[in-house]
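Participant: Following this line is entry-v3.csv, made up of CSV, C-alpha atoms:
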```csv
chain,number,residue,atom,x,y,z
A,170,MET,CA,14.8,2.9,-0.8
A,171,ARG,CA,13.5,-0.5,-2.0
A,172,PRO,CA,9.8,-0.6,-3.0
A,173,LEU,CA,7.2,-1.9,-0.5
A,174,PRO,CA,3.8,-3.4,-1.1
A,175,PRO,CA,0.6,-1.7,0.3
A,176,PHE,CA,0.2,-2.1,4.0
A,177,PRO,CA,3.8,-3.2,4.6
A,178,VAL,CA,4.3,-5.7,7.5
A,179,THR,CA,7.2,-5.0,9.8
A,180,THR,CA,8.3,-5.3,13.4
A,181,VAL,CA,9.3,-2.7,15.9
A,182,GLY,CA,12.7,-4.3,16.1
A,183,SER,CA,13.5,-6.9,18.8
A,184,TRP,CA,13.1,-10.6,18.7
A,185,PRO,CA,13.5,-13.2,21.6
A,186,ARG,CA,17.1,-14.4,22.0
A,187,PRO,CA,17.9,-18.1,22.0
A,188,PRO,CA,19.5,-19.5,25.3
A,189,GLU,CA,22.9,-20.0,23.6
A,190,LEU,CA,23.0,-16.4,22.6
A,191,LEU,CA,22.2,-15.2,26.2
A,192,ARG,CA,24.9,-17.4,27.5
A,193,ALA,CA,27.4,-16.0,25.0
A,194,LEU,CA,26.3,-12.4,25.8
A,195,SER,CA,26.9,-13.0,29.5
A,196,ARG,CA,30.3,-14.5,28.9
A,197,LYS,CA,31.3,-11.7,26.6
A,198,GLN,CA,30.2,-9.1,29.2
A,199,ARG,CA,32.4,-10.8,31.8
A,200,GLY,CA,35.4,-10.9,29.5
A,201,GLN,CA,35.3,-14.7,29.1
A,202,LEU,CA,34.4,-14.7,25.3
A,203,SER,CA,36.0,-12.8,22.5
A,204,GLN,CA,34.0,-10.6,20.1
A,205,GLU,CA,34.7,-13.0,17.3
A,206,ALA,CA,33.4,-16.0,19.2
A,207,PHE,CA,30.3,-14.0,20.3
A,208,ASP,CA,29.7,-12.9,16.7
A,209,ARG,CA,29.6,-16.5,15.5
A,210,VAL,CA,26.7,-17.2,17.9
A,211,ALA,CA,25.0,-13.9,17.2
A,212,ASP,CA,25.2,-14.4,13.4
A,213,ALA,CA,23.3,-17.7,13.8
A,214,ALA,CA,20.7,-16.0,16.0
A,215,VAL,CA,20.2,-13.2,13.5
A,216,LEU,CA,19.7,-15.6,10.6
A,217,GLU,CA,17.1,-17.5,12.7
A,218,ALA,CA,15.2,-14.3,13.5
A,219,LEU,CA,15.3,-13.4,9.8
A,220,ARG,CA,14.0,-16.8,8.9
A,221,HIS,CA,11.0,-16.4,11.3
A,222,GLN,CA,10.2,-13.0,9.8
A,223,GLU,CA,10.5,-14.0,6.2
A,224,SER,CA,8.5,-17.2,6.6
A,225,SER,CA,5.8,-15.2,8.5
A,226,GLY,CA,5.5,-12.8,5.6
A,227,VAL,CA,7.3,-9.7,7.0
A,228,ASP,CA,8.0,-7.2,4.2
A,229,LEU,CA,10.4,-4.9,6.1
A,230,VAL,CA,12.8,-6.9,8.3
A,231,THR,CA,15.2,-6.2,11.2
A,232,ASP,CA,18.0,-8.3,12.7
A,233,GLY,CA,15.9,-8.8,15.8
A,234,GLU,CA,18.4,-6.7,17.9
A,235,GLN,CA,20.1,-10.1,18.6
A,236,ARG,CA,23.5,-8.6,19.4
A,237,ARG,CA,22.0,-6.1,21.8
A,238,ASP,CA,21.6,-6.5,25.6
A,239,ASN,CA,18.6,-4.3,25.3
A,240,PHE,CA,17.2,-1.6,23.0
A,241,TYR,CA,19.4,1.2,24.3
A,242,SER,CA,22.0,-0.3,26.7
A,243,PHE,CA,24.0,-1.9,23.8
A,244,VAL,CA,25.6,1.5,23.1
A,245,ALA,CA,27.8,1.1,26.1
A,246,GLU,CA,30.2,-1.2,24.1
A,247,LYS,CA,30.1,1.1,21.1
A,248,LEU,CA,30.8,4.5,22.8
A,249,GLU,CA,33.7,5.8,24.8
A,250,GLY,CA,32.8,7.1,28.2
A,251,VAL,CA,29.9,4.8,28.8
A,252,ARG,CA,29.6,1.7,31.0
A,253,LEU,CA,26.8,-0.7,31.8
A,254,MET,CA,25.4,-0.5,35.4
A,255,SER,CA,22.8,-2.9,36.6
A,256,LEU,CA,19.8,-1.4,38.4
A,257,ALA,CA,21.2,-2.9,41.6
A,258,GLU,CA,24.5,-1.0,41.1
A,259,MET,CA,22.5,2.2,40.4
A,260,LEU,CA,20.6,1.7,43.6
A,261,ASP,CA,24.0,1.9,45.4
A,262,VAL,CA,24.9,5.3,43.9
A,263,VAL,CA,21.6,7.2,43.6
A,264,GLU,CA,20.8,9.6,46.4
A,265,ASP,CA,17.1,8.7,46.7
A,266,LYS,CA,17.6,5.0,47.3
A,267,ALA,CA,14.2,4.4,48.9
A,268,GLY,CA,12.4,6.1,46.0
A,269,PHE,CA,14.3,4.2,43.4
A,270,GLU,CA,13.7,0.9,45.2
A,271,ARG,CA,10.0,1.7,45.3
A,272,ILE,CA,10.0,2.2,41.5
A,273,LEU,CA,11.6,-1.2,41.0
A,274,GLN,CA,9.1,-3.0,43.3
A,275,THR,CA,6.0,-1.2,41.9
A,276,LEU,CA,6.9,-1.8,38.2
A,277,ASP,CA,7.8,-5.5,38.5
A,278,VAL,CA,11.5,-5.0,37.6
A,279,PRO,CA,14.1,-7.3,39.2
A,280,ALA,CA,17.2,-5.1,39.9
A,281,PHE,CA,19.5,-7.7,38.3
A,282,SER,CA,17.6,-8.2,35.0
A,283,ILE,CA,18.2,-4.9,33.2
A,284,GLN,CA,21.3,-2.8,32.7
A,285,ASN,CA,21.6,0.9,32.1
A,286,PRO,CA,24.3,2.6,30.0
A,287,THR,CA,25.7,5.2,32.3
A,288,CYS,CA,28.0,8.1,31.3
A,289,VAL,CA,31.3,7.9,33.2
A,290,GLY,CA,33.5,10.0,30.8
A,291,ARG,CA,33.4,12.1,27.6
A,292,ILE,CA,31.4,10.2,25.0
A,293,ALA,CA,32.5,9.5,21.5
A,294,ARG,CA,31.6,6.9,18.8
A,295,ARG,CA,34.2,4.2,19.3
A,296,ALA,CA,32.5,1.9,16.7
A,297,PRO,CA,29.3,2.1,14.6
A,298,LEU,CA,26.2,1.6,16.7
A,299,ALA,CA,24.3,-0.4,14.1
A,300,VAL,CA,26.0,-0.1,10.6
A,301,ASP,CA,27.7,-3.5,11.2
A,302,GLU,CA,24.3,-5.1,12.1
A,303,TYR,CA,22.8,-3.7,8.9
A,304,LEU,CA,25.6,-4.9,6.6
A,305,PHE,CA,25.5,-8.4,8.0
A,306,LEU,CA,21.7,-8.6,7.5
A,307,ARG,CA,22.0,-7.1,4.0
A,308,GLN,CA,24.1,-10.1,2.9
A,309,HIS,CA,21.3,-12.5,3.8
A,310,THR,CA,18.1,-10.9,2.5
A,311,ASP,CA,16.9,-9.0,-0.5
A,312,ARG,CA,14.0,-7.5,1.5
A,313,PRO,CA,14.0,-3.9,2.7
A,314,ILE,CA,15.6,-3.4,6.2
A,315,LYS,CA,14.7,-1.4,9.2
A,316,VAL,CA,17.3,-0.4,11.8
A,317,PRO,CA,16.0,0.7,15.2
A,318,LEU,CA,18.2,3.1,17.2
A,319,PRO,CA,17.7,4.6,20.7
A,320,GLY,CA,16.6,8.2,20.3
A,321,PRO,CA,18.6,11.2,21.6
A,322,TYR,CA,16.2,12.0,24.4
A,323,LEU,CA,16.2,8.4,25.6
A,324,LEU,CA,20.0,8.2,25.5
A,325,THR,CA,20.5,11.5,27.3
A,326,ARG,CA,18.1,10.6,30.1
A,327,ALA,CA,19.5,7.1,30.4
A,328,MET,CA,23.2,8.1,30.5
A,329,TRP,CA,23.0,11.2,32.7
A,330,VAL,CA,23.0,9.7,36.2
A,331,GLN,CA,23.7,12.8,38.3
A,332,GLU,CA,25.7,11.2,41.0
A,333,VAL,CA,28.1,9.7,38.4
A,334,THR,CA,27.9,12.0,35.4
A,335,ARG,CA,27.9,15.6,36.7
A,336,SER,CA,31.7,15.8,37.1
A,337,ILE,CA,32.0,15.2,33.3
A,338,TYR,CA,28.8,16.9,32.0
A,339,PRO,CA,27.4,19.3,34.6
A,340,THR,CA,23.9,19.0,33.1
A,341,LYS,CA,22.1,16.6,30.9
A,342,GLU,CA,21.8,19.4,28.3
A,343,ASP,CA,25.6,19.4,28.1
A,344,LEU,CA,25.6,15.6,27.6
A,345,ALA,CA,22.9,15.9,25.0
A,346,GLU,CA,25.2,17.9,22.7
A,347,ASP,CA,27.5,14.9,22.3
A,348,VAL,CA,24.6,12.5,22.1
A,349,VAL,CA,23.2,14.4,19.1
A,350,ARG,CA,26.6,14.4,17.5
A,351,VAL,CA,27.1,10.7,17.9
A,352,LEU,CA,23.6,9.8,16.6
A,353,ARG,CA,24.0,12.2,13.6
A,354,GLU,CA,27.2,10.4,12.6
A,355,GLU,CA,25.3,7.0,12.9
A,356,VAL,CA,22.1,7.9,10.9
A,357,PHE,CA,24.1,9.4,8.0
A,358,ALA,CA,26.4,6.4,8.0
A,359,LEU,CA,23.4,4.1,7.9
A,360,ARG,CA,21.8,6.1,5.1
A,361,ASP,CA,25.0,6.0,3.0
A,362,ALA,CA,25.2,2.2,3.6
A,363,GLY,CA,21.8,1.8,2.0
A,364,VAL,CA,19.4,1.2,4.9
A,365,ASP,CA,15.7,1.6,4.0
A,366,PHE,CA,14.2,2.7,7.4
A,367,ILE,CA,15.8,4.2,10.5
A,368,GLN,CA,13.5,4.1,13.6
A,369,LEU,CA,14.3,6.2,16.6
A,370,ASP,CA,12.9,4.7,19.9
A,371,GLU,CA,11.6,7.3,22.4
A,372,PRO,CA,9.3,5.5,24.7
A,373,VAL,CA,9.6,7.9,27.6
A,374,LEU,CA,7.8,10.7,25.7
A,375,ALA,CA,4.7,8.8,26.7
A,376,GLU,CA,5.7,8.8,30.3
A,377,LEU,CA,5.9,12.6,30.3
A,378,VAL,CA,2.3,13.1,29.4
A,379,PHE,CA,0.8,10.1,31.2
A,380,THR,CA,2.4,10.9,34.6
A,381,GLN,CA,2.6,14.7,34.3
A,382,GLY,CA,6.1,14.7,35.8
A,383,GLN,CA,5.0,13.0,39.0
A,384,THR,CA,6.3,9.5,38.4
A,385,ARG,CA,9.8,8.5,37.4
A,386,THR,CA,9.8,5.0,35.9
A,387,PHE,CA,12.8,2.8,35.8
A,388,MET,CA,12.9,3.0,32.0
A,389,CYS,CA,16.3,4.5,30.9
A,390,ALA,CA,17.0,5.2,34.6
A,391,ALA,CA,14.6,8.2,34.2
A,392,LEU,CA,16.3,10.1,37.0
A,393,ALA,CA,17.0,13.2,34.9
A,394,ALA,CA,13.6,14.6,34.1
A,395,ARG,CA,12.4,18.2,34.8
A,396,LYS,CA,9.2,18.6,36.7
A,397,ASP,CA,7.5,20.4,33.8
A,398,PRO,CA,6.6,17.9,31.1
A,399,GLN,CA,6.2,20.6,28.4
A,400,GLU,CA,9.7,21.7,29.0
A,401,GLU,CA,11.0,18.1,28.7
A,402,LEU,CA,8.9,17.6,25.5
A,403,ALA,CA,10.3,20.7,23.9
A,404,PHE,CA,13.8,19.5,24.8
A,405,ALA,CA,13.1,16.1,23.2
A,406,VAL,CA,11.7,17.7,20.0
A,407,GLY,CA,14.8,19.8,19.6
A,408,LEU,CA,17.2,16.8,20.1
A,409,ILE,CA,15.3,14.6,17.6
A,410,ASN,CA,15.1,17.2,14.9
A,411,ARG,CA,18.8,18.0,15.2
A,412,VAL,CA,19.7,14.3,14.7
A,413,VAL,CA,17.6,14.0,11.5
A,414,ALA,CA,18.2,17.5,10.1
A,415,GLY,CA,19.2,17.2,6.4
A,416,LEU,CA,18.8,13.5,6.4
A,417,GLU,CA,17.3,12.5,3.0
A,418,GLY,CA,17.1,9.3,1.0
A,419,VAL,CA,15.9,7.1,3.9
A,420,ARG,CA,12.6,6.7,5.6
A,421,THR,CA,12.7,7.9,9.2
A,422,GLY,CA,10.3,6.9,12.0
A,423,LEU,CA,9.7,7.5,15.7
A,424,HIS,CA,8.5,4.7,18.0
A,425,ILE,CA,6.6,5.6,21.2
A,426,CYS,CA,5.0,3.1,23.6
A,427,ARG,CA,3.9,2.7,27.2
A,428,GLY,CA,6.5,0.3,28.3
A,429,ASN,CA,7.4,-3.3,27.3
A,430,TRP,CA,9.2,-4.8,30.4
A,431,SER,CA,6.4,-6.9,31.9
A,432,GLN,CA,3.5,-9.1,30.8
A,433,LYS,CA,1.5,-7.6,33.7
A,434,GLU,CA,-0.5,-5.0,31.9
A,435,GLN,CA,-1.4,-3.3,35.2
A,436,THR,CA,2.2,-2.3,35.7
A,437,LEU,CA,2.5,-0.5,32.3
A,438,LEU,CA,1.5,3.1,31.5
A,439,ARG,CA,-1.9,3.9,30.0
A,440,GLY,CA,-3.4,6.9,28.2
A,441,SER,CA,-4.2,8.2,24.8
A,442,TYR,CA,-1.6,9.7,22.4
A,443,HIS,CA,-3.8,12.8,22.1
A,444,PRO,CA,-1.8,15.0,24.5
A,445,LEU,CA,1.3,14.3,22.5
A,446,VAL,CA,-0.1,15.4,19.1
A,447,PRO,CA,1.2,19.0,19.3
A,448,THR,CA,4.7,17.5,20.0
A,449,LEU,CA,4.5,14.8,17.3
A,450,ASP,CA,3.4,17.4,14.8
A,451,ARG,CA,6.7,19.2,15.4
A,452,ILE,CA,9.0,16.2,15.0
A,453,ASP,CA,10.6,15.9,11.6
A,454,VAL,CA,10.2,12.2,10.9
A,455,GLN,CA,8.1,10.5,8.2
A,456,GLN,CA,6.4,7.9,10.3
A,457,LEU,CA,5.0,7.4,13.9
A,458,VAL,CA,5.2,3.8,15.1
A,459,LEU,CA,2.5,3.6,17.7
A,460,GLU,CA,0.8,0.9,19.8
A,461,TYR,CA,-2.9,0.3,19.3
A,462,ALA,CA,-3.4,-3.4,20.0
A,463,THR,CA,-4.1,-2.7,23.7
A,464,PRO,CA,-7.0,-0.8,25.2
A,465,ARG,CA,-4.4,1.1,27.2
A,466,ALA,CA,-3.6,3.1,24.1
A,467,GLY,CA,-7.0,4.8,23.7
A,468,ASP,CA,-8.4,6.1,20.4
A,469,LEU,CA,-6.6,6.3,17.2
A,470,VAL,CA,-4.6,9.5,16.7
A,471,VAL,CA,-3.6,10.9,13.3
A,472,VAL,CA,-0.9,13.4,12.9
A,473,GLU,CA,-1.3,15.4,9.6
A,474,GLY,CA,1.3,14.6,7.0
A,475,LYS,CA,2.8,11.6,8.8
A,476,GLU,CA,2.7,7.8,8.1
A,477,LEU,CA,1.4,5.6,10.8
A,478,GLY,CA,3.1,2.4,11.9
A,479,LEU,CA,-0.1,0.9,13.3
A,480,GLY,CA,0.3,-1.6,16.2
A,481,VAL,CA,-2.1,-4.4,15.6
A,482,VAL,CA,-0.8,-7.2,17.8
A,483,ASN,CA,0.2,-7.2,21.4
A,484,PRO,CA,3.7,-8.8,21.9
A,485,ARG,CA,3.1,-9.6,25.5
A,486,THR,CA,0.0,-11.8,25.3
A,487,PRO,CA,-0.2,-15.6,24.6
A,488,GLU,CA,-3.2,-15.2,22.3
A,489,VAL,CA,-2.7,-14.9,18.5
A,490,GLU,CA,-4.8,-12.0,17.2
A,491,GLY,CA,-7.4,-13.1,14.5
A,492,VAL,CA,-7.1,-11.8,11.0
A,493,GLU,CA,-10.6,-10.4,11.0
A,494,GLY,CA,-9.9,-8.3,14.0
A,495,ILE,CA,-6.7,-6.9,12.5
A,496,VAL,CA,-8.4,-6.1,9.2
A,497,ALA,CA,-11.2,-4.3,11.1
A,498,ARG,CA,-8.6,-2.2,13.0
A,499,VAL,CA,-6.9,-1.2,9.8
A,500,ARG,CA,-10.2,-0.3,8.1
A,501,GLU,CA,-10.8,2.0,11.1
A,502,ALA,CA,-7.5,3.7,10.4
A,503,LEU,CA,-8.4,4.0,6.7
A,504,ARG,CA,-11.2,6.3,7.7
A,505,HIS,CA,-8.5,8.8,8.6
A,506,LEU,CA,-5.5,7.9,6.4
A,507,PRO,CA,-4.9,6.8,2.8
A,508,PRO,CA,-3.6,3.2,2.5
A,509,GLU,CA,-0.1,4.3,1.3
A,510,ARG,CA,0.4,5.9,4.8
A,511,ILE,CA,-0.3,2.8,6.9
A,512,PHE,CA,2.3,0.2,7.9
A,513,LEU,CA,1.4,-2.8,10.1
A,514,ASN,CA,3.5,-3.8,13.1
A,515,PRO,CA,3.3,-5.2,16.6
A,516,ASP,CA,2.8,-2.7,19.5
A,517,CYS,CA,6.5,-3.1,20.5
A,518,GLY,CA,9.4,-5.6,20.3
A,519,PHE,CA,9.1,-9.2,21.3
A,520,GLY,CA,12.4,-9.1,23.3
A,521,THR,CA,13.1,-5.5,24.2
A,522,PHE,CA,15.3,-6.6,27.1
A,523,SER,CA,17.4,-9.6,26.3
A,524,ARG,CA,16.7,-11.5,29.5
A,525,ARG,CA,13.0,-10.6,29.7
A,526,PRO,CA,11.4,-11.7,26.4
A,527,MET,CA,7.8,-10.9,26.1
A,528,ASN,CA,7.0,-14.1,24.1
A,529,THR,CA,8.4,-17.2,22.5
A,530,PRO,CA,9.7,-17.1,18.9
A,531,ASP,CA,7.0,-19.5,17.9
A,532,LEU,CA,4.2,-17.2,19.2
A,533,ALA,CA,5.9,-14.1,17.9
A,534,ALA,CA,6.0,-15.7,14.4
A,535,ARG,CA,2.4,-16.8,14.6
A,536,LYS,CA,1.3,-13.2,15.5
A,537,LEU,CA,3.3,-11.8,12.6
A,538,ALA,CA,1.8,-14.4,10.2
A,539,SER,CA,-1.6,-13.2,11.3
A,540,VAL,CA,-0.7,-9.7,10.5
A,541,ALA,CA,0.7,-10.7,7.1
A,542,GLU,CA,-2.5,-12.6,6.3
A,543,ALA,CA,-4.5,-9.5,7.2
A,544,ALA,CA,-2.3,-7.4,4.9
A,545,ALA,CA,-3.0,-9.8,2.1
A,546,VAL,CA,-6.8,-9.4,2.6
A,547,LEU,CA,-6.5,-5.6,2.7
A,548,ARG,CA,-4.4,-5.6,-0.5
A,549,GLU,CA,-7.0,-7.6,-2.3
A,550,GLY,CA,-9.6,-5.1,-1.2
```
Would you write out, as C-alpha cells, the structure that this file holds?
Facilitator:
Amino acid sequence: MRPLPPFPVTTVGSWPRPPELLRALSRKQRGQLSQEAFDRVADAAVLEALRHQESSGVDLVTDGEQRRDNFYSFVAEKLEGVRLMSLAEMLDVVEDKAGFERILQTLDVPAFSIQNPTCVGRIARRAPLAVDEYLFLRQHTDRPIKVPLPGPYLLTRAMWVQEVTRSIYPTKEDLAEDVVRVLREEVFALRDAGVDFIQLDEPVLAELVFTQGQTRTFMCAALAARKDPQEELAFAVGLINRVVAGLEGVRTGLHICRGNWSQKEQTLLRGSYHPLVPTLDRIDVQQLVLEYATPRAGDLVVVEGKELGLGVVNPRTPEVEGVEGIVARVREALRHLPPERIFLNPDCGFGTFSRRPMNTPDLAARKLASVAEAAAVLREG
C-alpha cells in the first residue's frame, strides 16, 4: 500500500459524467456502440475526473465510476445471469404495484432514470467488475487508488426480485452464496493487481435501522428485506465478513449513507449511526466511510479499532463548505480518534446515478479543494 499523508483527502467514488459519456453509455446499452468505441469516450472522462481530483489536492483518487451506469447496476454487464431493468419495467413485474409506485413518488425518483441489476439466471463473473478500471487509472497517476464496489448485501437485495428470480434462486440466501463467491474473486484480484483501498458500498444498512423494517425504499429495489431489522443486519454482517475473510495487504472500508438520489433533503433518510454500532463493530473492515456533513447524520459515532472516513462536505448542496468549518469538524473527531485514523471525504459520491448527478464537476472540485485546504491546516497543527 502506498504511503498517505496525515488526514488523507479522498472521495466516496463517483463523479459527474460529461454529456458525451452519457450519450455513449445510452448508445452502448442499446447495442448501437461497440465496447471499444465506448471505452475511448470513457477513458477521456476518467482522465478528466482524475485531473479534477489531482488539481483539487485529493490524496487517494478514484476513476469517478465513469464507466458505470450507477454504483451497483454496472455489474449487469460483468456478470452472467443479470440484466438491467428500469424501475418502470420492475413496476410491471412486482406484485405490489401500488406500493412500489408510492415509493417512487414519495422519494422523488423518476421511474425511467435509474436501472436495477436483476437476477434472471445463474450468476457468474463473466469479466472483472473493476480490475480493468483500476489498471487504466494506474497507468495515469502515481497517487494511491481507491476502488469502490457494491457490497454483498446490497447486491443480493438488488438482484433478488422475487417475481423474476425465485425460479433460479428460491431465496435471496441462495443467491447470496454466489454473490459472495463473485465478490471474493474480485477483491482478491484487485489486491493482487496492487489496489490501495477497496471500499464496499452498503447504504441500505442505514435504512434497516432508520425505518425499523417498515419502509422499503427504492434503493437497490429493496423488495427482499425481512421484517426484522436485526435479522437482516446479522445476514449482512455474515456476507461482508465472508467476502473479506483472509484478505490482507490492502485497506478495506465500508461506506454507509442515507441515500444520494435527490437534492431534496426531506426525501432522504435521517438518523444517528448509533443503532448500527453493534453491527459495525462486528464487520471485519479497517475503515468506516460515513456521512457527517448534514444534520441528518446526528452525532459523531466512533467504533473501537476502526478508522473513520469522515464526511465533511455535502455533495448535494450548491454551497462550498468553508475551511474553518471543516477544520472544526475534524478537531471534534480528534477528541475521540488519533489523527492517523481519520480520512476526509465527502458524505457520498457526486454522481452516484449517472443520469442524476448531485452537482457539477466545478462545484465538486471546489468542495474537494476546500477539504484539501483544511487538511493542510490540520497537518500544520
Participant: Which residues, written as a PyMOL selection string, have at least one atom at most 10 Å from region 288-303 of chain A, with all atoms listed in the file counted and residues fewer than 4 positions away on the same chain left out?
Facilitator: chain A and resi 212+215+231-237+243-254+307-308+314-319+324-325+327-331+333-338+344+347-348+350-352+354-356+358-364
Participant: Keeping C-alpha atoms, export the residues of the selection given above as a tab-separated table (two decimals), keeping the file's coordinate frame.
Facilitator:
```tsv
chain	number	residue	atom	x	y	z
A	212	ASP	CA	25.20	-14.40	13.40
A	215	VAL	CA	20.20	-13.20	13.50
A	231	THR	CA	15.20	-6.20	11.20
A	232	ASP	CA	18.00	-8.30	12.70
A	233	GLY	CA	15.90	-8.80	15.80
A	234	GLU	CA	18.40	-6.70	17.90
A	235	GLN	CA	20.10	-10.10	18.60
A	236	ARG	CA	23.50	-8.60	19.40
A	237	ARG	CA	22.00	-6.10	21.80
A	243	PHE	CA	24.00	-1.90	23.80
A	244	VAL	CA	25.60	1.50	23.10
A	245	ALA	CA	27.80	1.10	26.10
A	246	GLU	CA	30.20	-1.20	24.10
A	247	LYS	CA	30.10	1.10	21.10
A	248	LEU	CA	30.80	4.50	22.80
A	249	GLU	CA	33.70	5.80	24.80
A	250	GLY	CA	32.80	7.10	28.20
A	251	VAL	CA	29.90	4.80	28.80
A	252	ARG	CA	29.60	1.70	31.00
A	253	LEU	CA	26.80	-0.70	31.80
A	254	MET	CA	25.40	-0.50	35.40
A	307	ARG	CA	22.00	-7.10	4.00
A	308	GLN	CA	24.10	-10.10	2.90
A	314	ILE	CA	15.60	-3.40	6.20
A	315	LYS	CA	14.70	-1.40	9.20
A	316	VAL	CA	17.30	-0.40	11.80
A	317	PRO	CA	16.00	0.70	15.20
A	318	LEU	CA	18.20	3.10	17.20
A	319	PRO	CA	17.70	4.60	20.70
A	324	LEU	CA	20.00	8.20	25.50
A	325	THR	CA	20.50	11.50	27.30
A	327	ALA	CA	19.50	7.10	30.40
A	328	MET	CA	23.20	8.10	30.50
A	329	TRP	CA	23.00	11.20	32.70
A	330	VAL	CA	23.00	9.70	36.20
A	331	GLN	CA	23.70	12.80	38.30
A	333	VAL	CA	28.10	9.70	38.40
A	334	THR	CA	27.90	12.00	35.40
A	335	ARG	CA	27.90	15.60	36.70
A	336	SER	CA	31.70	15.80	37.10
A	337	ILE	CA	32.00	15.20	33.30
A	338	TYR	CA	28.80	16.90	32.00
A	344	LEU	CA	25.60	15.60	27.60
A	347	ASP	CA	27.50	14.90	22.30
A	348	VAL	CA	24.60	12.50	22.10
A	350	ARG	CA	26.60	14.40	17.50
A	351	VAL	CA	27.10	10.70	17.90
A	352	LEU	CA	23.60	9.80	16.60
A	354	GLU	CA	27.20	10.40	12.60
A	355	GLU	CA	25.30	7.00	12.90
A	356	VAL	CA	22.10	7.90	10.90
A	358	ALA	CA	26.40	6.40	8.00
A	359	LEU	CA	23.40	4.10	7.90
A	360	ARG	CA	21.80	6.10	5.10
A	361	ASP	CA	25.00	6.00	3.00
A	362	ALA	CA	25.20	2.20	3.60
A	363	GLY	CA	21.80	1.80	2.00
A	364	VAL	CA	19.40	1.20	4.90
```
Participant: With distances taken over all atoms listed in the file, which of A:Gln368, A:Thr486, A:Thr180, A:Asn514 is nearest to Val499 (chain A)?
Facilitator: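 Nearest to Val499 (chain A): A:Asn514.
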Participant: Might you pull out every residue within 10 Å of Ala538 (chain A), with only C-alpha atoms counted and same-chain residues fewer than 5 positions away left off, and present them as a ChimeraX atom specification?
Facilitator: /A:178,221-227,489-490,492,532-533,543-544
Participant: How would the residues just chosen look if you wrote them out with C-alpha atoms as a PDB file, keeping the file's coordinate frame?
Facilitator:
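See part01.pdb below for the written result:
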```
ATOM      1  CA  VAL A 178       4.300  -5.700   7.500  1.00  0.00           C
ATOM      2  CA  HIS A 221      11.000 -16.400  11.300  1.00  0.00           C
ATOM      3  CA  GLN A 222      10.200 -13.000   9.800  1.00  0.00           C
ATOM      4  CA  GLU A 223      10.500 -14.000   6.200  1.00  0.00           C
ATOM      5  CA  SER A 224       8.500 -17.200   6.600  1.00  0.00           C
ATOM      6  CA  SER A 225       5.800 -15.200   8.500  1.00  0.00           C
ATOM      7  CA  GLY A 226       5.500 -12.800   5.600  1.00  0.00           C
ATOM      8  CA  VAL A 227       7.300  -9.700   7.000  1.00  0.00           C
ATOM      9  CA  VAL A 489      -2.700 -14.900  18.500  1.00  0.00           C
ATOM     10  CA  GLU A 490      -4.800 -12.000  17.200  1.00  0.00           C
ATOM     11  CA  VAL A 492      -7.100 -11.800  11.000  1.00  0.00           C
ATOM     12  CA  LEU A 532       4.200 -17.200  19.200  1.00  0.00           C
ATOM     13  CA  ALA A 533       5.900 -14.100  17.900  1.00  0.00           C
ATOM     14  CA  ALA A 543      -4.500  -9.500   7.200  1.00  0.00           C
ATOM     15  CA  ALA A 544      -2.300  -7.400   4.900  1.00  0.00           C
TER      16      ALA A 544
END
```
Participant: Show me, as a PyMOL selection string, the residues that have an atom within 10 Å of Arg209 (chain A) when counting all atoms listed in the file, minus same-chain residues fewer than 4 positions from it.
Facilitator: chain A and resi 190+193+204-205+213-214
Participant: In terms of the shortest atom-to-atom distance over all atoms listed in the file, which of A:Pro515, A:Gly480, A:Pro172, A:Pro185 is closest to Asn528 (chain A)?
Facilitator: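 So, comparing all the options, the nearest one is A:Pro185.
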Participant: Quote the spacing between CA of Glu460 (chain A) and CA of Pro372 (chain A) in Å to one decimal place.
Facilitator: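 Atom-to-atom, CA of Glu460 (chain A) to CA of Pro372 (chain A), that is 10.8 Å.
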Participant: Restricting the calculation to all atoms listed in the file: of A:Glu542, A:Glu488, A:Glu473, A:Asp531, which residue gets closest to Pro447 (chain A)?
Facilitator: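 Of A:Glu542, A:Glu488, A:Glu473, A:Asp531, the one nearest Pro447 (chain A) is A:Glu473, counting all atoms listed in the file.
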Participant: Leaving out Arg498 (chain A) and any residue of its chain fewer than 4 positions from it, which residues lie within 9 Å of it when counting only C-alpha atoms, given as a list in words?
Facilitator: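 Near neighbours after the sequence-gap exclusion: Tyr461, Ala462, Val481, Glu493, Gly494, Ala502 and Leu503 of chain A.
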Participant: If we count all atoms listed in the file, what is near Leu457 (chain A) at a cut-off of 6 Å, once residues fewer than 4 positions away on the same chain are taken out, given as a PyMOL selection string?
Facilitator: chain A and resi 422-423+477-478
Participant: Store the residues of this selection in a file with C-alpha atoms, as a PDB file, keeping the file's coordinate frame.
Facilitator:
```pdb
ATOM      1  CA  GLY A 422      10.300   6.900  12.000  1.00  0.00           C
ATOM      2  CA  LEU A 423       9.700   7.500  15.700  1.00  0.00           C
ATOM      3  CA  LEU A 477       1.400   5.600  10.800  1.00  0.00           C
ATOM      4  CA  GLY A 478       3.100   2.400  11.900  1.00  0.00           C
TER       5      GLY A 478
END
```
Participant: Determine the nearest neighbour of Asp238 (chain A) from the options A:Leu216, A:Ala257, A:Leu374, A:Leu194, counting all atoms listed in the file.
Facilitator: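 For Asp238 (chain A), the nearest of the given residues is A:Leu194.
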Participant: If I take CA of Arg199 (chain A) and CA of Pro187 (chain A), how far is one from the other in Å, to one decimal?
Facilitator: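 Interatomic distance here is 19.0 Å.
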Participant: Within 6 Å of (7.6, -5.6, 2.9), only C-alpha atoms: residues as JSON, numbers by chain?
Facilitator: {"A": [173, 174, 177, 178, 227, 228, 229]}
Participant: Rounded to one decimal in Å, what is the spacing between CA of Arg196 (chain A) and CA of Thr529 (chain A)?
Facilitator: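 It comes out at 23.0 Å.
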Participant: Go through A:Gly467, A:Pro286, A:Pro313, A:Gly474 one by one, measure the shortest atom-to-atom distance of each to Thr179 (chain A) using all atoms listed in the file, and give the residue with the smallest value.
Facilitator: A:Pro313
Participant: Please determine, counting all atoms listed in the file, which residue among A:Ser441, A:Gln455, A:Thr448, A:Leu537 has the shortest atom-to-atom distance to Val482 (chain A).
Facilitator: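 Looking only at the distances to Val482 (chain A), the closest residue turns out to be A:Leu537.
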